[in-house]
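Please read the structure below before turning to the comments.
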Amino acid sequence: DPNQVRKRAGDTIVEQEEKGSFMFYIERGSAQVVFNDQILETASVGDIVGEMALIDSDPRSASIVAETDCQLIPISKWRFLHLVRKHPEFSLHVMQVMNRRLRKMNERMATA
């Protein structure tokens, strides 16, 4: 299925510092969000990863590595905008994900 990406455990889904044009919805499996070789978060079924690439044009801020075998649905900027228009609650979900990750990063910085 061209609308799905399959990755094996240990495969890199996206690389920190690369230019990104897709975010991914995790349909099956789990993946780790990794910044400078430090695991920031483990994302699993129903989560999205790589969303910042669709919000700005900066290089990816973290790598995403498949923790287990994964099945992912890539979401292009066009598809993202379509989802936001047709399902406004989707944009709220993306903001909640980004907010949760920012809070976790703030907590890490406060205890470092």
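Letters A, B, ... go to the chains of the structure tokens in the order shown; residues in each chain start at 1; ligands are counted from 1 in the same order.
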**Q.** Residue set, chain A restricted to strand (DSSP E or B), as a VMD selection string
**A.** chain A and resid 5 to 7 12 to 14 22 to 28 30 to 35 38 to 44 48 to 49 63 to 66 70 to 76
Selection near Ile73 of chain A, 6 Å with only C-alpha atoms, sequence-local residues under 2 positions removed, as a PDB file with all heavy atoms, in the first residue's frame:
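Final output, saved to selection.pdb:
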```
ATOM      1  N   ASN A   3       0.164   4.143   0.722  1.00  0.00           N
ATOM      2  CA  ASN A   3      -0.192   5.056   1.802  1.00  0.00           C
ATOM      3  C   ASN A   3       0.324   4.578   3.150  1.00  0.00           C
ATOM      4  O   ASN A   3      -0.063   5.118   4.186  1.00  0.00           O
ATOM      5  CB  ASN A   3      -1.707   5.250   1.860  1.00  0.00           C
ATOM      6  CG  ASN A   3      -2.225   5.969   0.631  1.00  0.00           C
ATOM      7  OD1 ASN A   3      -1.594   6.903   0.154  1.00  0.00           O
ATOM      8  ND2 ASN A   3      -3.350   5.521   0.122  1.00  0.00           N
ATOM      9  N   GLN A   4       1.180   3.553   3.128  1.00  0.00           N
ATOM     10  CA  GLN A   4       1.759   3.038   4.366  1.00  0.00           C
ATOM     11  C   GLN A   4       3.257   2.857   4.196  1.00  0.00           C
ATOM     12  O   GLN A   4       3.740   2.578   3.109  1.00  0.00           O
ATOM     13  CB  GLN A   4       1.139   1.697   4.741  1.00  0.00           C
ATOM     14  CG  GLN A   4      -0.323   1.783   5.102  1.00  0.00           C
ATOM     15  CD  GLN A   4      -0.907   0.416   5.422  1.00  0.00           C
ATOM     16  OE1 GLN A   4      -0.327  -0.603   5.093  1.00  0.00           O
ATOM     17  NE2 GLN A   4      -2.059   0.406   6.062  1.00  0.00           N
ATOM     18  N   PHE A  24       4.233  11.418  10.437  1.00  0.00           N
ATOM     19  CA  PHE A  24       3.775  10.035  10.389  1.00  0.00           C
ATOM     20  C   PHE A  24       2.789   9.737  11.516  1.00  0.00           C
ATOM     21  O   PHE A  24       3.011  10.139  12.657  1.00  0.00           O
ATOM     22  CB  PHE A  24       4.960   9.069  10.501  1.00  0.00           C
ATOM     23  CG  PHE A  24       5.912   9.170   9.353  1.00  0.00           C
ATOM     24  CD1 PHE A  24       6.973  10.051   9.405  1.00  0.00           C
ATOM     25  CD2 PHE A  24       5.728   8.408   8.217  1.00  0.00           C
ATOM     26  CE1 PHE A  24       7.853  10.170   8.345  1.00  0.00           C
ATOM     27  CE2 PHE A  24       6.603   8.516   7.156  1.00  0.00           C
ATOM     28  CZ  PHE A  24       7.663   9.400   7.215  1.00  0.00           C
ATOM     29  N   TYR A  25       1.738   9.019  11.174  1.00  0.00           N
ATOM     30  CA  TYR A  25       0.783   8.480  12.126  1.00  0.00           C
ATOM     31  C   TYR A  25       1.195   7.032  12.361  1.00  0.00           C
ATOM     32  O   TYR A  25       1.385   6.272  11.390  1.00  0.00           O
ATOM     33  CB  TYR A  25      -0.635   8.560  11.551  1.00  0.00           C
ATOM     34  CG  TYR A  25      -1.679   7.864  12.391  1.00  0.00           C
ATOM     35  CD1 TYR A  25      -2.253   8.499  13.479  1.00  0.00           C
ATOM     36  CD2 TYR A  25      -2.083   6.563  12.083  1.00  0.00           C
ATOM     37  CE1 TYR A  25      -3.213   7.854  14.248  1.00  0.00           C
ATOM     38  CE2 TYR A  25      -3.040   5.919  12.853  1.00  0.00           C
ATOM     39  CZ  TYR A  25      -3.598   6.569  13.926  1.00  0.00           C
ATOM     40  OH  TYR A  25      -4.538   5.929  14.696  1.00  0.00           O
TER      41      TYR A  25
END
```
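Going from atom CA of Cys70 of chain A over to atom CA of Glu107 of chain A, you cover 28.6 Å.
Put simply, atom CA of Ile26 of chain A is 18.6 Å away from atom CA of Asn99 of chain A.
When atom CA of Leu54 of chain A is paired with atom CA of Lys77 of chain A, their separation reads 5.6 Å.
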Q: Would you kindly return, as a count of residues only, each protein, DNA or RNA residue with an atom no farther than 12 Å from any atom of Glu18 of chain A, considering only C-alpha atoms and excluding same-chain residues fewer than 4 positions away?
A: 14
Q: Pick out the residues sitting within 12 Å of Ile48 of chain A, and hand them over as a ChimeraX atom specification; count only C-alpha atoms, and ignore anything fewer than 5 positions along from it in its own chain.
A: /A:22-28,30-33,41-43,53-54,64,72-75,80,90-91,93-98,101
Q: Could you give me, as a PyMOL selection string, each residue of segment 20-92 of chain A that DSSP assigns to helix (DSSP H, G or I) when run on this structure's backbone?
A: chain A and resi 52-55+77-86+88-92
With N, CA and C atoms retained, could you export that selection as a short mmCIF file (atom, residue, chain, number, x, y, z; two decimals), in the first residue's frame?
```cif
data_model
loop_
_atom_site.label_atom_id
_atom_site.label_comp_id
_atom_site.auth_asym_id
_atom_site.auth_seq_id
_atom_site.Cartn_x
_atom_site.Cartn_y
_atom_site.Cartn_z
N MET A 52 6.66 18.58 13.33
CA MET A 52 7.26 19.91 13.21
C MET A 52 7.70 20.21 11.78
N ALA A 53 8.02 19.17 11.02
CA ALA A 53 8.45 19.36 9.63
C ALA A 53 7.35 19.98 8.77
N LEU A 54 6.11 19.79 9.17
CA LEU A 54 4.99 20.36 8.40
C LEU A 54 4.61 21.75 8.88
N ILE A 55 5.09 22.14 10.04
CA ILE A 55 4.73 23.43 10.60
C ILE A 55 5.74 24.49 10.15
N LYS A 77 2.32 17.66 3.64
CA LYS A 77 1.78 18.96 4.02
C LYS A 77 0.39 19.15 3.43
N TRP A 78 0.21 18.74 2.17
CA TRP A 78 -1.10 18.87 1.52
C TRP A 78 -2.15 18.07 2.29
N ARG A 79 -1.82 16.84 2.65
CA ARG A 79 -2.77 15.99 3.38
C ARG A 79 -3.03 16.56 4.78
N PHE A 80 -1.98 17.08 5.42
CA PHE A 80 -2.11 17.71 6.73
C PHE A 80 -3.10 18.87 6.66
N LEU A 81 -2.92 19.76 5.68
CA LEU A 81 -3.82 20.91 5.53
C LEU A 81 -5.25 20.45 5.25
N HIS A 82 -5.39 19.41 4.46
CA HIS A 82 -6.71 18.85 4.17
C HIS A 82 -7.35 18.33 5.47
N LEU A 83 -6.60 17.60 6.27
CA LEU A 83 -7.12 17.08 7.54
C LEU A 83 -7.53 18.20 8.47
N VAL A 84 -6.72 19.26 8.54
CA VAL A 84 -7.03 20.39 9.41
C VAL A 84 -8.33 21.07 8.96
N ARG A 85 -8.50 21.23 7.64
CA ARG A 85 -9.72 21.86 7.13
C ARG A 85 -10.97 21.01 7.36
N LYS A 86 -10.85 19.73 7.09
CA LYS A 86 -12.01 18.83 7.20
C LYS A 86 -12.30 18.39 8.62
N PRO A 88 -11.16 19.93 12.09
CA PRO A 88 -10.44 20.90 12.92
C PRO A 88 -9.89 20.31 14.22
N GLU A 89 -10.52 19.29 14.74
CA GLU A 89 -10.04 18.67 15.98
C GLU A 89 -8.67 18.02 15.77
N PHE A 90 -8.33 17.69 14.52
CA PHE A 90 -7.02 17.13 14.23
C PHE A 90 -5.91 18.13 14.56
N SER A 91 -6.14 19.41 14.23
CA SER A 91 -5.13 20.43 14.53
C SER A 91 -4.97 20.58 16.05
N LEU A 92 -6.04 20.44 16.79
CA LEU A 92 -5.95 20.48 18.25
C LEU A 92 -5.13 19.30 18.76
#
```
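Using only C-alpha atoms, the shortest contact distance between Thr68 of chain A and any of A:Asp37, A:Ser21, A:Gly10, A:Val49 is found at A:Gly10.
Between Glu17 of chain A and the residues A:Gly29, A:Val5, A:Phe35, A:Leu40, the shortest atom-to-atom distance, using only C-alpha atoms, involves A:Phe35.
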